[in-house]
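Structure first, commentary second.
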Amino acid sequence: MTADKEKRRAISREAARRRRRVESEVFGDLSRLLPLQPSVRAHLDKPSVIRLTLSYIRTHTILKGRTGTKTEAGHAVKHAPVKEGGEDQPECDGEKEAEEVEASEESDMYLRILEGFLMVLSTEGDMIYLSDNVSKYMGLSQTELMGHNIFEFTHPCDHEEIRSNLRLTAEEVWRGAKRDFVMRVKSALTNRGRSANLKSATWKVLHCQGRAKVCISPSSVTCLLLTCQSLPLSHTLLSTHTFTSQHSMDMRFTYCDPRVTPLLGYGPEELLGRSIYDLCHTLDTSCLTKNHLNLCLKTQSVSGQYRMLVKGGGYVWVESHSAVIPSVRPSKSRPGAHQPLCILCVTYVLSGVEQPSLQLSLDQTVHRYLR
């Protein structure tokens with residue numbers, strides 16, 4: 001009996017070794033099919049291979065299927081190129097390779113100009129694709145993030161807003177509905193730019209903009225194509241068409257750059273104590289309200305484009321990048337230093353004065369500021 005039992009155990013162990021060997025070969029073959037560097041593939045475990053494989057299959061479906069809004073999809077179907085066989089096929093392949101290299105170089109250039117990264121999200125929140133420069137902003141590599149759910153890396157208080165942006169009606173999908181929101185994500189980068197453990201990660205604020213895309217294929221895929229830009233508020237004043245201002249938490253001016261005078265006509269002293277809402281076009285107050293709410297909850301935000309009233313009449317289109325500055329309390333080294341919580345704004349003037357003869361508010365009248 002003992003000999004039979006040992007024999008069965010030996011057979012079982014051999015079957016298990018064979019099964020593990022076959023499994024390892026399958027995963028090895030699968031990892032070699034992934035479009036990754038050999039050095040990266042060598043460090044992938046089995047769950048990562050499965051996760052990345054599924055992500056690349058979904059990415060392939062989006063790229064190979066006809067993607068776009070209803071109009072774009074119809075145009076793509078109507079004008080789809082016809083493949084032809086024959087002796088000229090190798091030449092076409094060479095042209096295709098040259099086009100792919102050119103497209104890759106163009107994509108790299110766009111990413112450098114963007115100062116952010118690309119992200120493709122499924123309607124369930126799965127990160128189908130991220131551009132490889134994501135590590136510069138989150139301290140995590142492309143392979144560490146692809147296939148995971150966005151909710152694993154975002155602030156719990158932002159989950160409901162993210163879900164609302166992921167909800168897409170059929171009409172929104174076909175229209176290519178736009179999305180513009182701010183969210184906080186985990187960042188493993190230290191202040192010195194080095195990567196740290198994810199357990200000690202901090203929150204980084206990202207401004208996400210994009211639109212819905214639908215893939216017209218047998219297995220239809222709906223996703224959000226987003227550009228994500230970090231908001232450290234490290235902007236430099238690029239030209240005279242930019243001014244800075246400081247506000248209390250209710251958005252009243254406590255300081256304004258003299259650059260505002262040639263742009264909007266107001267002197268810095270005229271704006272002190274006044275609310276930025278007084279200078280906003282009535283139809284754009286919702287844009288400022290959303291920006292204000294983001295600031296109170298997430299400490300950094302981008303307003304989007306809105307109209308700011310000009311002294312004397314008319315308005316200009318502007319965009320404000322804002323951040324909450326922590327309060328500074330008196331200390332032994334600086335006993336007199338006390339700075340309350342405030343908001344710092346960098347405002348970019350994007351247009352000239354439009355409708356200069358039109359006055360939409362008493363705040364635009366000259367006598368409003370006469371002492």
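Each chain of the structure tokens is named A, B, ... in the order shown, its residues numbered from 1; ligands are numbered from 1 in display order.
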Those of stretch 242-323 of chain A in DSSP alpha helix (DSSP H), formatted as JSON, numbers by chain: {"A": [260, 261, 262, 263, 264, 268, 269, 270, 271, 285, 286, 287, 288, 289, 290, 291, 292, 293, 294, 295, 296, 297, 298]}
Close residues, A:Leu140 itself excluded, 10 Å, only C-alpha atoms, min 3 positions apart in chain, as number ranges by chain: A: 132-137, 143-145, 186-189, 195-198
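Atom CA of A:Lys46 sits 29.0 Å away from atom CA of A:Leu226.
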Residue list (strand (DSSP E or B), DSSP) for stretch 116-281 of chain A, as a ChimeraX atom specification: /A:116-122,126-130,149,154,178-187,189,195,202-216,221-230,242-247,252-256,275,280
Tell me which protein, DNA and RNA residues are within 9 Å of stretch 58-60 of chain A, counting only C-alpha atoms, leaving out same-chain ones fewer than 2 positions away, and put them as a CSV table (one decimal) with N, CA, C and O atoms, in the first residue's frame.
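Dumped to selection_30.csv:
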chain,number,residue,atom,x,y,z
A,53,THR,N,-2.2,42.2,-21.5
A,53,THR,CA,-2.8,41.5,-22.7
A,53,THR,C,-4.2,42.0,-23.0
A,53,THR,O,-4.5,42.4,-24.1
A,54,LEU,N,-5.0,42.0,-22.0
A,54,LEU,CA,-6.4,42.5,-22.1
A,54,LEU,C,-6.5,43.9,-22.5
A,54,LEU,O,-7.3,44.3,-23.4
A,55,SER,N,-5.6,44.7,-21.9
A,55,SER,CA,-5.5,46.2,-22.3
A,55,SER,C,-5.1,46.4,-23.7
A,55,SER,O,-5.7,47.2,-24.4
A,56,TYR,N,-4.1,45.6,-24.2
A,56,TYR,CA,-3.7,45.8,-25.6
A,56,TYR,C,-4.7,45.3,-26.6
A,56,TYR,O,-4.8,45.8,-27.7
A,62,ILE,N,-9.9,49.4,-30.5
A,62,ILE,CA,-10.2,50.8,-30.7
A,62,ILE,C,-9.5,51.3,-31.9
A,62,ILE,O,-10.1,52.1,-32.7
A,63,LEU,N,-8.2,51.0,-32.1
A,63,LEU,CA,-7.4,51.5,-33.2
A,63,LEU,C,-7.8,50.9,-34.5
A,63,LEU,O,-7.9,51.6,-35.5
A,64,LYS,N,-8.1,49.6,-34.5
A,64,LYS,CA,-8.4,48.9,-35.8
A,64,LYS,C,-9.9,49.1,-36.2
A,64,LYS,O,-10.2,49.1,-37.4
A,65,GLY,N,-10.8,49.3,-35.2
A,65,GLY,CA,-12.1,49.6,-35.5
A,65,GLY,C,-12.3,51.0,-36.0
A,65,GLY,O,-11.3,51.8,-35.9
A,120,VAL,N,-6.8,56.7,-22.0
A,120,VAL,CA,-8.1,56.2,-22.5
A,120,VAL,C,-8.8,55.4,-21.5
A,120,VAL,O,-8.2,54.5,-20.9
A,128,ILE,N,-7.5,51.8,-20.2
A,128,ILE,CA,-7.2,51.0,-21.4
A,128,ILE,C,-5.8,51.3,-21.9
A,128,ILE,O,-5.1,50.4,-22.3
A,129,TYR,N,-5.5,52.6,-21.9
A,129,TYR,CA,-4.2,53.0,-22.4
A,129,TYR,C,-3.7,54.3,-21.7
A,129,TYR,O,-4.5,55.1,-21.4
A,221,VAL,N,-16.7,49.3,-28.6
A,221,VAL,CA,-16.1,49.8,-27.4
A,221,VAL,C,-16.3,51.3,-27.3
A,221,VAL,O,-16.1,52.0,-28.2
All residues 6 Å or closer to A:Cys342, only C-alpha atoms, same chain fewer than 3 positions away omitted, as a PyMOL selection string: chain A and resi 247-249+324-325
